[in-house]
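Peer 1: PDB, N, CA and C atoms, file data-v4.pdb:
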MODEL        1
ATOM      1  N   MET T   4     -12.943  12.555 -12.910
ATOM      2  CA  MET T   4     -12.524  13.084 -11.634
ATOM      3  C   MET T   4     -11.011  13.298 -11.656
ATOM      4  N   LYS T   5     -10.542  14.372 -11.058
ATOM      5  CA  LYS T   5      -9.117  14.677 -11.044
ATOM      6  C   LYS T   5      -8.361  13.756 -10.090
ATOM      7  N   LYS T   6      -7.060  13.599 -10.367
ATOM      8  CA  LYS T   6      -6.201  12.743  -9.574
ATOM      9  C   LYS T   6      -6.251  13.114  -8.093
ATOM     10  N   ASP T   7      -6.129  14.408  -7.782
ATOM     11  CA  ASP T   7      -6.108  14.816  -6.375
ATOM     12  C   ASP T   7      -7.457  14.586  -5.699
ATOM     13  N   THR T   8      -8.538  14.558  -6.469
ATOM     14  CA  THR T   8      -9.860  14.267  -5.913
ATOM     15  C   THR T   8      -9.932  12.802  -5.491
ATOM     16  N   TYR T   9      -9.396  11.896  -6.331
ATOM     17  CA  TYR T   9      -9.344  10.483  -5.971
ATOM     18  C   TYR T   9      -8.516  10.291  -4.704
ATOM     19  N   GLU T  10      -7.387  10.987  -4.643
ATOM     20  CA  GLU T  10      -6.511  10.873  -3.475
ATOM     21  C   GLU T  10      -7.231  11.313  -2.216
ATOM     22  N   LYS T  11      -7.913  12.450  -2.280
ATOM     23  CA  LYS T  11      -8.644  12.950  -1.115
ATOM     24  C   LYS T  11      -9.748  11.993  -0.705
ATOM     25  N   LYS T  12     -10.454  11.452  -1.692
ATOM     26  CA  LYS T  12     -11.550  10.540  -1.392
ATOM     27  C   LYS T  12     -11.021   9.258  -0.748
ATOM     28  N   LEU T  13      -9.953   8.704  -1.305
ATOM     29  CA  LEU T  13      -9.372   7.486  -0.749
ATOM     30  C   LEU T  13      -8.912   7.725   0.684
ATOM     31  N   TYR T  14      -8.204   8.809   0.898
ATOM     32  CA  TYR T  14      -7.721   9.152   2.239
ATOM     33  C   TYR T  14      -8.893   9.291   3.213
ATOM     34  N   THR T  15      -9.924   9.991   2.799
ATOM     35  CA  THR T  15     -11.087  10.229   3.660
ATOM     36  C   THR T  15     -11.802   8.917   4.003
ATOM     37  N   VAL T  16     -11.984   8.057   3.007
ATOM     38  CA  VAL T  16     -12.643   6.764   3.237
ATOM     39  C   VAL T  16     -11.851   5.946   4.259
ATOM     40  N   LEU T  17     -10.537   5.876   4.075
ATOM     41  CA  LEU T  17      -9.717   5.093   5.003
ATOM     42  C   LEU T  17      -9.739   5.682   6.404
ATOM     43  N   LYS T  18      -9.530   6.983   6.500
ATOM     44  CA  LYS T  18      -9.438   7.625   7.820
ATOM     45  C   LYS T  18     -10.762   7.565   8.583
ATOM     46  N   LYS T  19     -11.876   7.778   7.898
ATOM     47  CA  LYS T  19     -13.174   7.814   8.580
ATOM     48  C   LYS T  19     -13.760   6.434   8.857
ATOM     49  N   HIS T  20     -13.524   5.486   7.950
ATOM     50  CA  HIS T  20     -14.240   4.214   8.049
ATOM     51  C   HIS T  20     -13.351   2.980   8.179
ATOM     52  N   HIS T  21     -12.045   3.137   7.988
ATOM     53  CA  HIS T  21     -11.165   1.966   7.998
ATOM     54  C   HIS T  21      -9.893   2.253   8.792
ATOM     55  N   THR T  22     -10.075   2.717  10.003
ATOM     56  CA  THR T  22      -8.949   2.979  10.891
ATOM     57  C   THR T  22      -8.691   1.728  11.727
ATOM     58  N   GLY T  23      -7.447   1.318  11.755
ATOM     59  CA  GLY T  23      -7.057   0.118  12.491
ATOM     60  C   GLY T  23      -7.058  -1.108  11.599
ATOM     61  N   LYS T  24      -6.094  -1.977  11.853
ATOM     62  CA  LYS T  24      -5.912  -3.190  11.054
ATOM     63  C   LYS T  24      -7.187  -4.029  10.987
ATOM     64  N   GLU T  25      -7.931  -4.050  12.077
ATOM     65  CA  GLU T  25      -9.150  -4.866  12.123
ATOM     66  C   GLU T  25     -10.251  -4.346  11.192
ATOM     67  N   ASN T  26     -10.071  -3.135  10.670
ATOM     68  CA  ASN T  26     -11.058  -2.528   9.764
ATOM     69  C   ASN T  26     -10.541  -2.387   8.333
ATOM     70  N   ALA T  27      -9.537  -3.170   7.981
ATOM     71  CA  ALA T  27      -8.942  -3.088   6.643
ATOM     72  C   ALA T  27      -9.987  -3.367   5.564
ATOM     73  N   ILE T  28      -9.763  -2.764   4.401
ATOM     74  CA  ILE T  28     -10.667  -2.924   3.262
ATOM     75  C   ILE T  28      -9.847  -3.343   2.043
ATOM     76  N   VAL T  29     -10.357  -4.320   1.310
ATOM     77  CA  VAL T  29      -9.642  -4.801   0.127
ATOM     78  C   VAL T  29      -9.753  -3.776  -1.001
ATOM     79  N   SER T  30      -8.780  -3.778  -1.889
ATOM     80  CA  SER T  30      -8.734  -2.782  -2.965
ATOM     81  C   SER T  30      -9.955  -2.867  -3.882
ATOM     82  N   LYS T  31     -10.514  -4.055  -4.051
ATOM     83  CA  LYS T  31     -11.698  -4.207  -4.908
ATOM     84  C   LYS T  31     -12.870  -3.388  -4.354
ATOM     85  N   GLN T  32     -13.058  -3.407  -3.047
ATOM     86  CA  GLN T  32     -14.122  -2.615  -2.420
ATOM     87  C   GLN T  32     -13.753  -1.136  -2.415
ATOM     88  N   LEU T  33     -12.488  -0.855  -2.165
ATOM     89  CA  LEU T  33     -12.020   0.531  -2.111
ATOM     90  C   LEU T  33     -12.194   1.212  -3.465
ATOM     91  N   LYS T  34     -11.930   0.497  -4.542
ATOM     92  CA  LYS T  34     -12.078   1.083  -5.880
ATOM     93  C   LYS T  34     -13.524   1.513  -6.140
ATOM     94  N   SER T  35     -14.461   0.729  -5.652
ATOM     95  CA  SER T  35     -15.871   1.088  -5.821
ATOM     96  C   SER T  35     -16.233   2.336  -5.026
ATOM     97  N   LEU T  36     -15.714   2.447  -3.828
ATOM     98  CA  LEU T  36     -15.999   3.611  -2.988
ATOM     99  C   LEU T  36     -15.352   4.887  -3.520
ATOM    100  N   VAL T  37     -14.152   4.728  -4.095
ATOM    101  CA  VAL T  37     -13.420   5.889  -4.618
ATOM    102  C   VAL T  37     -13.892   6.250  -6.019
ATOM    103  N   GLY T  38     -14.329   5.241  -6.776
ATOM    104  CA  GLY T  38     -14.814   5.488  -8.124
ATOM    105  C   GLY T  38     -13.736   5.433  -9.180
ATOM    106  N   THR T  39     -12.783   4.534  -9.005
ATOM    107  CA  THR T  39     -11.703   4.394  -9.975
ATOM    108  C   THR T  39     -11.342   2.925 -10.136
ATOM    109  N   LYS T  40     -10.332   2.634 -10.932
ATOM    110  CA  LYS T  40      -9.892   1.263 -11.169
ATOM    111  C   LYS T  40      -9.042   0.765  -9.998
ATOM    112  N   ARG T  41      -8.982  -0.554  -9.854
ATOM    113  CA  ARG T  41      -8.172  -1.159  -8.794
ATOM    114  C   ARG T  41      -6.697  -0.781  -8.944
ATOM    115  N   SER T  42      -6.213  -0.797 -10.173
ATOM    116  CA  SER T  42      -4.809  -0.438 -10.406
ATOM    117  C   SER T  42      -4.530   1.007 -10.001
ATOM    118  N   GLU T  43      -5.513   1.875 -10.192
ATOM    119  CA  GLU T  43      -5.352   3.276  -9.794
ATOM    120  C   GLU T  43      -5.354   3.414  -8.276
ATOM    121  N   VAL T  44      -6.135   2.592  -7.595
ATOM    122  CA  VAL T  44      -6.119   2.596  -6.124
ATOM    123  C   VAL T  44      -4.701   2.304  -5.632
ATOM    124  N   CYS T  45      -4.069   1.294  -6.214
ATOM    125  CA  CYS T  45      -2.695   0.934  -5.826
ATOM    126  C   CYS T  45      -1.720   2.077  -6.102
ATOM    127  N   ARG T  46      -1.871   2.737  -7.242
ATOM    128  CA  ARG T  46      -0.997   3.877  -7.568
ATOM    129  C   ARG T  46      -1.220   5.029  -6.592
ATOM    130  N   ILE T  47      -2.473   5.295  -6.258
ATOM    131  CA  ILE T  47      -2.789   6.384  -5.327
ATOM    132  C   ILE T  47      -2.190   6.081  -3.955
ATOM    133  N   VAL T  48      -2.347   4.853  -3.487
ATOM    134  CA  VAL T  48      -1.784   4.472  -2.187
ATOM    135  C   VAL T  48      -0.268   4.673  -2.193
ATOM    136  N   SER T  49       0.380   4.226  -3.248
ATOM    137  CA  SER T  49       1.841   4.394  -3.349
ATOM    138  C   SER T  49       2.240   5.864  -3.338
ATOM    139  N   ARG T  50       1.517   6.657  -4.096
ATOM    140  CA  ARG T  50       1.810   8.096  -4.175
ATOM    141  C   ARG T  50       1.627   8.763  -2.812
ATOM    142  N   LEU T  51       0.519   8.467  -2.148
ATOM    143  CA  LEU T  51       0.262   9.059  -0.831
ATOM    144  C   LEU T  51       1.318   8.624   0.186
ATOM    145  N   ARG T  52       1.708   7.368   0.144
ATOM    146  CA  ARG T  52       2.753   6.886   1.063
ATOM    147  C   ARG T  52       4.064   7.629   0.827
ATOM    148  N   ARG T  53       4.417   7.834  -0.436
ATOM    149  CA  ARG T  53       5.664   8.563  -0.734
ATOM    150  C   ARG T  53       5.601  10.001  -0.243
ATOM    151  N   GLU T  54       4.392  10.537  -0.143
ATOM    152  CA  GLU T  54       4.208  11.892   0.387
ATOM    153  C   GLU T  54       4.160  11.900   1.914
ATOM    154  N   GLY T  55       4.260  10.719   2.528
ATOM    155  CA  GLY T  55       4.286  10.623   3.982
ATOM    156  C   GLY T  55       2.944  10.367   4.639
ATOM    157  N   VAL T  56       1.920  10.076   3.847
ATOM    158  CA  VAL T  56       0.611   9.763   4.422
ATOM    159  C   VAL T  56       0.655   8.315   4.921
ATOM    160  N   PRO T  57       0.335   8.087   6.184
ATOM    161  CA  PRO T  57       0.455   6.737   6.747
ATOM    162  C   PRO T  57      -0.709   5.820   6.371
ATOM    163  N   ILE T  58      -0.625   5.240   5.187
ATOM    164  CA  ILE T  58      -1.620   4.253   4.777
ATOM    165  C   ILE T  58      -0.966   2.886   4.953
ATOM    166  N   CYS T  59      -1.595   2.073   5.756
ATOM    167  CA  CYS T  59      -1.058   0.742   6.047
ATOM    168  C   CYS T  59      -1.788  -0.318   5.251
ATOM    169  N   SER T  60      -1.207  -1.505   5.241
ATOM    170  CA  SER T  60      -1.837  -2.638   4.556
ATOM    171  C   SER T  60      -1.485  -3.915   5.296
ATOM    172  N   CYS T  61      -2.338  -4.892   5.087
ATOM    173  CA  CYS T  61      -2.122  -6.222   5.647
ATOM    174  C   CYS T  61      -2.784  -7.212   4.689
ATOM    175  N   SER T  62      -2.840  -8.453   5.052
ATOM    176  CA  SER T  62      -3.446  -9.451   4.168
ATOM    177  C   SER T  62      -4.939  -9.204   3.941
ATOM    178  N   ASN T  63      -5.550  -8.395   4.796
ATOM    179  CA  ASN T  63      -6.983  -8.081   4.653
ATOM    180  C   ASN T  63      -7.252  -6.786   3.905
ATOM    181  N   GLY T  64      -6.213  -6.087   3.456
ATOM    182  CA  GLY T  64      -6.405  -4.871   2.681
ATOM    183  C   GLY T  64      -5.699  -3.654   3.255
ATOM    184  N   TYR T  65      -6.223  -2.481   2.915
ATOM    185  CA  TYR T  65      -5.648  -1.197   3.325
ATOM    186  C   TYR T  65      -6.400  -0.643   4.535
ATOM    187  N   PHE T  66      -5.684   0.141   5.337
ATOM    188  CA  PHE T  66      -6.308   0.794   6.481
ATOM    189  C   PHE T  66      -5.480   1.995   6.916
ATOM    190  N   TYR T  67      -6.137   2.895   7.620
ATOM    191  CA  TYR T  67      -5.438   4.024   8.229
ATOM    192  C   TYR T  67      -5.025   3.551   9.623
ATOM    193  N   PRO T  68      -3.783   3.795  10.031
ATOM    194  CA  PRO T  68      -3.317   3.249  11.310
ATOM    195  C   PRO T  68      -4.004   3.865  12.527
ATOM    196  N   ARG T  69      -4.284   3.005  13.499
ATOM    197  CA  ARG T  69      -4.825   3.446  14.772
ATOM    198  C   ARG T  69      -3.681   3.862  15.705
ATOM    199  N   SER T  70      -2.506   3.256  15.481
ATOM    200  CA  SER T  70      -1.351   3.544  16.334
ATOM    201  C   SER T  70      -0.076   3.502  15.504
ATOM    202  N   TYR T  71       0.984   4.055  16.074
ATOM    203  CA  TYR T  71       2.268   4.059  15.380
ATOM    204  C   TYR T  71       2.821   2.638  15.243
ATOM    205  N   SER T  72       2.458   1.751  16.146
ATOM    206  CA  SER T  72       2.946   0.370  16.046
ATOM    207  C   SER T  72       2.419  -0.306  14.774
ATOM    208  N   GLU T  73       1.219   0.067  14.319
ATOM    209  CA  GLU T  73       0.712  -0.472  13.062
ATOM    210  C   GLU T  73       1.553   0.020  11.888
ATOM    211  N   VAL T  74       1.995   1.262  11.959
ATOM    212  CA  VAL T  74       2.882   1.801  10.916
ATOM    213  C   VAL T  74       4.202   1.031  10.924
ATOM    214  N   LEU T  75       4.760   0.815  12.106
ATOM    215  CA  LEU T  75       6.039   0.106  12.218
ATOM    216  C   LEU T  75       5.946  -1.331  11.710
ATOM    217  N   ASP T  76       4.803  -1.972  11.904
ATOM    218  CA  ASP T  76       4.617  -3.330  11.373
ATOM    219  C   ASP T  76       4.738  -3.333   9.852
ATOM    220  N   VAL T  77       4.119  -2.346   9.210
ATOM    221  CA  VAL T  77       4.165  -2.247   7.747
ATOM    222  C   VAL T  77       5.582  -1.902   7.286
ATOM    223  N   VAL T  78       6.220  -0.975   7.969
ATOM    224  CA  VAL T  78       7.596  -0.595   7.624
ATOM    225  C   VAL T  78       8.515  -1.814   7.730
ATOM    226  N   SER T  79       8.345  -2.604   8.766
ATOM    227  CA  SER T  79       9.156  -3.808   8.945
ATOM    228  C   SER T  79       8.937  -4.790   7.790
ATOM    229  N   ARG T  80       7.695  -4.967   7.393
ATOM    230  CA  ARG T  80       7.378  -5.871   6.281
ATOM    231  C   ARG T  80       7.989  -5.358   4.977
ATOM    232  N   PHE T  81       7.888  -4.051   4.739
ATOM    233  CA  PHE T  81       8.468  -3.456   3.533
ATOM    234  C   PHE T  81       9.990  -3.593   3.528
ATOM    235  N   THR T  82      10.607  -3.400   4.683
ATOM    236  CA  THR T  82      12.059  -3.512   4.795
ATOM    237  C   THR T  82      12.507  -4.934   4.478
ATOM    238  N   GLN T  83      11.789  -5.917   5.005
ATOM    239  CA  GLN T  83      12.104  -7.316   4.732
ATOM    240  C   GLN T  83      11.935  -7.621   3.247
ATOM    241  N   TYR T  84      10.870  -7.109   2.664
ATOM    242  CA  TYR T  84      10.611  -7.317   1.239
ATOM    243  C   TYR T  84      11.728  -6.685   0.403
ATOM    244  N   GLY T  85      12.162  -5.487   0.794
ATOM    245  CA  GLY T  85      13.253  -4.822   0.088
ATOM    246  C   GLY T  85      14.538  -5.623   0.153
ATOM    247  N   SER T  86      14.816  -6.198   1.318
ATOM    248  CA  SER T  86      16.011  -7.031   1.476
ATOM    249  C   SER T  86      15.940  -8.271   0.580
ATOM    250  N   THR T  87      14.765  -8.851   0.508
ATOM    251  CA  THR T  87      14.570 -10.026  -0.339
ATOM    252  C   THR T  87      14.771  -9.664  -1.813
ATOM    253  N   LEU T  88      14.221  -8.532  -2.234
ATOM    254  CA  LEU T  88      14.400  -8.084  -3.619
ATOM    255  C   LEU T  88      15.868  -7.811  -3.931
ATOM    256  N   LYS T  89      16.577  -7.212  -2.989
ATOM    257  CA  LYS T  89      17.997  -6.915  -3.187
ATOM    258  C   LYS T  89      18.799  -8.205  -3.346
ATOM    259  N   ALA T  90      18.523  -9.195  -2.506
ATOM    260  CA  ALA T  90      19.228 -10.478  -2.595
ATOM    261  C   ALA T  90      18.916 -11.173  -3.918
ATOM    262  N   THR T  91      17.667 -11.118  -4.339
ATOM    263  CA  THR T  91      17.272 -11.732  -5.607
ATOM    264  C   THR T  91      17.947 -11.031  -6.780
ATOM    265  N   SER T  92      17.995  -9.713  -6.739
ATOM    266  CA  SER T  92      18.662  -8.938  -7.804
ATOM    267  C   SER T  92      20.133  -9.300  -7.887
ATOM    268  N   SER T  93      20.783  -9.402  -6.745
ATOM    269  CA  SER T  93      22.202  -9.757  -6.714
ATOM    270  C   SER T  93      22.430 -11.150  -7.309
ATOM    271  N   ALA T  94      21.573 -12.087  -6.950
ATOM    272  CA  ALA T  94      21.710 -13.449  -7.474
ATOM    273  C   ALA T  94      21.517 -13.480  -8.982
ATOM    274  N   LEU T  95      20.528 -12.720  -9.470
ATOM    275  CA  LEU T  95      20.307 -12.664 -10.918
ATOM    276  C   LEU T  95      21.470 -12.012 -11.638
ATOM    277  N   ARG T  96      22.035 -10.984 -11.036
ATOM    278  CA  ARG T  96      23.157 -10.276 -11.652
ATOM    279  C   ARG T  96      24.353 -11.200 -11.842
ATOM    280  N   SER T  97      24.535 -12.118 -10.913
ATOM    281  CA  SER T  97      25.709 -13.020 -10.997
ATOM    282  C   SER T  97      25.380 -14.345 -11.690
ATOM    283  N   SER T  98      24.171 -14.468 -12.204
ATOM    284  CA  SER T  98      23.793 -15.701 -12.890
ATOM    285  C   SER T  98      24.329 -15.714 -14.324
ATOM    286  N   SER T  99      24.280 -16.885 -14.902
ATOM    287  CA  SER T  99      24.678 -16.983 -16.321
ATOM    288  C   SER T  99      23.554 -17.684 -17.084
ATOM    289  N   VAL T 100      23.431 -17.293 -18.324
ATOM    290  CA  VAL T 100      22.421 -17.884 -19.196
ATOM    291  C   VAL T 100      23.073 -19.017 -19.976
ATOM    292  N   LYS T 101      22.454 -20.171 -19.909
ATOM    293  CA  LYS T 101      23.003 -21.337 -20.616
ATOM    294  C   LYS T 101      22.119 -21.644 -21.814
ATOM    295  N   SER T 102      22.764 -21.889 -22.933
ATOM    296  CA  SER T 102      22.029 -22.202 -24.159
ATOM    297  C   SER T 102      21.840 -23.677 -24.315
TER     298      SER T 102
ENDMDL
END
Go ahead and express the file in the form of structure tokens.

Peer 2:
Amino acid sequence: MKKDTYEKKLYTVLKKHHTGKENAIVSKQLKSLVGTKRSEVCRIVSRLRREGVPICSCSNGYFYPRSYSEVLDVVSRFTQYGSTLKATSSALRSSSVKS
């Protein structure tokens, strides 16, 4: 199956059957519905998000947002995660290796 076919299928599954945080689906189940590997599901989600498709996630899996507030919750979590990564990178950059 072509890459764009997987993307369309994943998008369709989420939008039709997993709208709203309460209907989230774990990647293991999503991979079976889409017909690809779990790692590919993660890559597809990342690619679609970079293209501006609002695919949200929570501890229960992926979902298509029911409202903009669900999108903002995910954006807030990503922003916090980015800040944490930046602080960790800075700390590592200024660290020293001891023999």

Peer 1: Which polymer residues, protein or nucleic acid, are no farther than 6 Å from (-6.1, 2.5, 8.6), counting only N, CA and C atoms, as a list of chain:residue names?

Peer 2: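 It turns out the residues near that spot are T:Leu17, T:His21, T:Thr22, T:Gly23, T:Lys24, T:Cys59, T:Tyr65, T:Phe66, T:Tyr67, T:Pro68, T:Arg69.
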
Peer 1: DSSP on the backbone: what in chain T comes out strand (DSSP E or B), as a list in words?

Peer 2: Thr22, Ile28, Cys59, Ser60, Cys61, Gly64, Tyr65, Phe66 and Tyr67 of chain T

Peer 1: Can you turn the PyMOL selection byres ((chain T and resi 29) around 5) into a concrete residue list for this file, as a VMD selection string?

Peer 2: chain T and resid 27 to 28 30 to 33 63 to 65

Peer 1: Rounded to one decimal, what separation in Å do you get between atom C of Ser49 (chain T) and CA of Ala94 (chain T)?

Peer 2: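 These atoms are spaced 27.7 Å apart.
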
Peer 1: Among chain T, which residues carry a DSSP assignment of alpha helix (DSSP H), reported as a short mmCIF file (atom, residue, chain, number, x, y, z; two decimals) with N, CA and C atoms, keeping the file's coordinate frame?

Peer 2:
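Written out: selection.cif:
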data_model
loop_
_atom_site.label_atom_id
_atom_site.label_comp_id
_atom_site.auth_asym_id
_atom_site.auth_seq_id
_atom_site.Cartn_x
_atom_site.Cartn_y
_atom_site.Cartn_z
N LYS T 6 -7.06 13.60 -10.37
CA LYS T 6 -6.20 12.74 -9.57
C LYS T 6 -6.25 13.11 -8.09
N ASP T 7 -6.13 14.41 -7.78
CA ASP T 7 -6.11 14.82 -6.38
C ASP T 7 -7.46 14.59 -5.70
N THR T 8 -8.54 14.56 -6.47
CA THR T 8 -9.86 14.27 -5.91
C THR T 8 -9.93 12.80 -5.49
N TYR T 9 -9.40 11.90 -6.33
CA TYR T 9 -9.34 10.48 -5.97
C TYR T 9 -8.52 10.29 -4.70
N GLU T 10 -7.39 10.99 -4.64
CA GLU T 10 -6.51 10.87 -3.48
C GLU T 10 -7.23 11.31 -2.22
N LYS T 11 -7.91 12.45 -2.28
CA LYS T 11 -8.64 12.95 -1.12
C LYS T 11 -9.75 11.99 -0.70
N LYS T 12 -10.45 11.45 -1.69
CA LYS T 12 -11.55 10.54 -1.39
C LYS T 12 -11.02 9.26 -0.75
N LEU T 13 -9.95 8.70 -1.30
CA LEU T 13 -9.37 7.49 -0.75
C LEU T 13 -8.91 7.72 0.68
N TYR T 14 -8.20 8.81 0.90
CA TYR T 14 -7.72 9.15 2.24
C TYR T 14 -8.89 9.29 3.21
N THR T 15 -9.92 9.99 2.80
CA THR T 15 -11.09 10.23 3.66
C THR T 15 -11.80 8.92 4.00
N VAL T 16 -11.98 8.06 3.01
CA VAL T 16 -12.64 6.76 3.24
C VAL T 16 -11.85 5.95 4.26
N LEU T 17 -10.54 5.88 4.08
CA LEU T 17 -9.72 5.09 5.00
C LEU T 17 -9.74 5.68 6.40
N LYS T 18 -9.53 6.98 6.50
CA LYS T 18 -9.44 7.62 7.82
C LYS T 18 -10.76 7.56 8.58
N LYS T 19 -11.88 7.78 7.90
CA LYS T 19 -13.17 7.81 8.58
C LYS T 19 -13.76 6.43 8.86
N HIS T 20 -13.52 5.49 7.95
CA HIS T 20 -14.24 4.21 8.05
C HIS T 20 -13.35 2.98 8.18
N SER T 30 -8.78 -3.78 -1.89
CA SER T 30 -8.73 -2.78 -2.96
C SER T 30 -9.96 -2.87 -3.88
N LYS T 31 -10.51 -4.06 -4.05
CA LYS T 31 -11.70 -4.21 -4.91
C LYS T 31 -12.87 -3.39 -4.35
N GLN T 32 -13.06 -3.41 -3.05
CA GLN T 32 -14.12 -2.62 -2.42
C GLN T 32 -13.75 -1.14 -2.42
N LEU T 33 -12.49 -0.86 -2.16
CA LEU T 33 -12.02 0.53 -2.11
C LEU T 33 -12.19 1.21 -3.46
N LYS T 34 -11.93 0.50 -4.54
CA LYS T 34 -12.08 1.08 -5.88
C LYS T 34 -13.52 1.51 -6.14
N SER T 35 -14.46 0.73 -5.65
CA SER T 35 -15.87 1.09 -5.82
C SER T 35 -16.23 2.34 -5.03
N LEU T 36 -15.71 2.45 -3.83
CA LEU T 36 -16.00 3.61 -2.99
C LEU T 36 -15.35 4.89 -3.52
N VAL T 37 -14.15 4.73 -4.10
CA VAL T 37 -13.42 5.89 -4.62
C VAL T 37 -13.89 6.25 -6.02
N ARG T 41 -8.98 -0.55 -9.85
CA ARG T 41 -8.17 -1.16 -8.79
C ARG T 41 -6.70 -0.78 -8.94
N SER T 42 -6.21 -0.80 -10.17
CA SER T 42 -4.81 -0.44 -10.41
C SER T 42 -4.53 1.01 -10.00
N GLU T 43 -5.51 1.88 -10.19
CA GLU T 43 -5.35 3.28 -9.79
C GLU T 43 -5.35 3.41 -8.28
N VAL T 44 -6.14 2.59 -7.60
CA VAL T 44 -6.12 2.60 -6.12
C VAL T 44 -4.70 2.30 -5.63
N CYS T 45 -4.07 1.29 -6.21
CA CYS T 45 -2.70 0.93 -5.83
C CYS T 45 -1.72 2.08 -6.10
N ARG T 46 -1.87 2.74 -7.24
CA ARG T 46 -1.00 3.88 -7.57
C ARG T 46 -1.22 5.03 -6.59
N ILE T 47 -2.47 5.30 -6.26
CA ILE T 47 -2.79 6.38 -5.33
C ILE T 47 -2.19 6.08 -3.96
N VAL T 48 -2.35 4.85 -3.49
CA VAL T 48 -1.78 4.47 -2.19
C VAL T 48 -0.27 4.67 -2.19
N SER T 49 0.38 4.23 -3.25
CA SER T 49 1.84 4.39 -3.35
C SER T 49 2.24 5.86 -3.34
N ARG T 50 1.52 6.66 -4.10
CA ARG T 50 1.81 8.10 -4.18
C ARG T 50 1.63 8.76 -2.81
N LEU T 51 0.52 8.47 -2.15
CA LEU T 51 0.26 9.06 -0.83
C LEU T 51 1.32 8.62 0.19
N ARG T 52 1.71 7.37 0.14
CA ARG T 52 2.75 6.89 1.06
C ARG T 52 4.06 7.63 0.83
N ARG T 53 4.42 7.83 -0.44
CA ARG T 53 5.66 8.56 -0.73
C ARG T 53 5.60 10.00 -0.24
N TYR T 71 0.98 4.06 16.07
CA TYR T 71 2.27 4.06 15.38
C TYR T 71 2.82 2.64 15.24
N SER T 72 2.46 1.75 16.15
CA SER T 72 2.95 0.37 16.05
C SER T 72 2.42 -0.31 14.77
N GLU T 73 1.22 0.07 14.32
CA GLU T 73 0.71 -0.47 13.06
C GLU T 73 1.55 0.02 11.89
N VAL T 74 2.00 1.26 11.96
CA VAL T 74 2.88 1.80 10.92
C VAL T 74 4.20 1.03 10.92
N LEU T 75 4.76 0.82 12.11
CA LEU T 75 6.04 0.11 12.22
C LEU T 75 5.95 -1.33 11.71
N ASP T 76 4.80 -1.97 11.90
CA ASP T 76 4.62 -3.33 11.37
C ASP T 76 4.74 -3.33 9.85
N VAL T 77 4.12 -2.35 9.21
CA VAL T 77 4.16 -2.25 7.75
C VAL T 77 5.58 -1.90 7.29
N VAL T 78 6.22 -0.98 7.97
CA VAL T 78 7.60 -0.60 7.62
C VAL T 78 8.52 -1.81 7.73
N SER T 79 8.35 -2.60 8.77
CA SER T 79 9.16 -3.81 8.94
C SER T 79 8.94 -4.79 7.79
N ARG T 80 7.70 -4.97 7.39
CA ARG T 80 7.38 -5.87 6.28
C ARG T 80 7.99 -5.36 4.98
N PHE T 81 7.89 -4.05 4.74
CA PHE T 81 8.47 -3.46 3.53
C PHE T 81 9.99 -3.59 3.53
N THR T 82 10.61 -3.40 4.68
CA THR T 82 12.06 -3.51 4.80
C THR T 82 12.51 -4.93 4.48
N GLN T 83 11.79 -5.92 5.00
CA GLN T 83 12.10 -7.32 4.73
C GLN T 83 11.94 -7.62 3.25
N TYR T 84 10.87 -7.11 2.66
CA TYR T 84 10.61 -7.32 1.24
C TYR T 84 11.73 -6.68 0.40
N GLY T 85 12.16 -5.49 0.79
CA GLY T 85 13.25 -4.82 0.09
C GLY T 85 14.54 -5.62 0.15
N SER T 86 14.82 -6.20 1.32
CA SER T 86 16.01 -7.03 1.48
C SER T 86 15.94 -8.27 0.58
N THR T 87 14.76 -8.85 0.51
CA THR T 87 14.57 -10.03 -0.34
C THR T 87 14.77 -9.66 -1.81
N LEU T 88 14.22 -8.53 -2.23
CA LEU T 88 14.40 -8.08 -3.62
C LEU T 88 15.87 -7.81 -3.93
N LYS T 89 16.58 -7.21 -2.99
CA LYS T 89 18.00 -6.92 -3.19
C LYS T 89 18.80 -8.20 -3.35
N ALA T 90 18.52 -9.20 -2.51
CA ALA T 90 19.23 -10.48 -2.60
C ALA T 90 18.92 -11.17 -3.92
N THR T 91 17.67 -11.12 -4.34
CA THR T 91 17.27 -11.73 -5.61
C THR T 91 17.95 -11.03 -6.78
N SER T 92 18.00 -9.71 -6.74
CA SER T 92 18.66 -8.94 -7.80
C SER T 92 20.13 -9.30 -7.89
N SER T 93 20.78 -9.40 -6.74
CA SER T 93 22.20 -9.76 -6.71
C SER T 93 22.43 -11.15 -7.31
N ALA T 94 21.57 -12.09 -6.95
CA ALA T 94 21.71 -13.45 -7.47
C ALA T 94 21.52 -13.48 -8.98
N LEU T 95 20.53 -12.72 -9.47
CA LEU T 95 20.31 -12.66 -10.92
C LEU T 95 21.47 -12.01 -11.64
N ARG T 96 22.04 -10.98 -11.04
CA ARG T 96 23.16 -10.28 -11.65
C ARG T 96 24.35 -11.20 -11.84
#

Peer 1: Just give me the gap between atom N of Lys19 (chain T) and atom N of Gly85 (chain T) in Å, one decimal is fine.

Peer 2: 28.4 Å

Peer 1: From the options T:Thr39, T:Lys11, T:Ser62, T:Leu51, which residue's atoms come nearest to Glu25 (chain T), counting only C-alpha atoms?

Peer 2: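 For Glu25 (chain T), the nearest of the candidates is T:Ser62.
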
Peer 1: Mind giving me the straight-line distance from CA of Val78 (chain T) to CA of Thr8 (chain T) in Å, one decimal?

Peer 2: 26.6 Å

Peer 1: Apply the PyMOL selection byres (((chain T and resi 9 and name CA) around 10) and name CA) to the file shown and report the selected residues as a PyMOL selection string.

Peer 2: chain T and resi 4-8+10-15+34+37-39+43-44+47
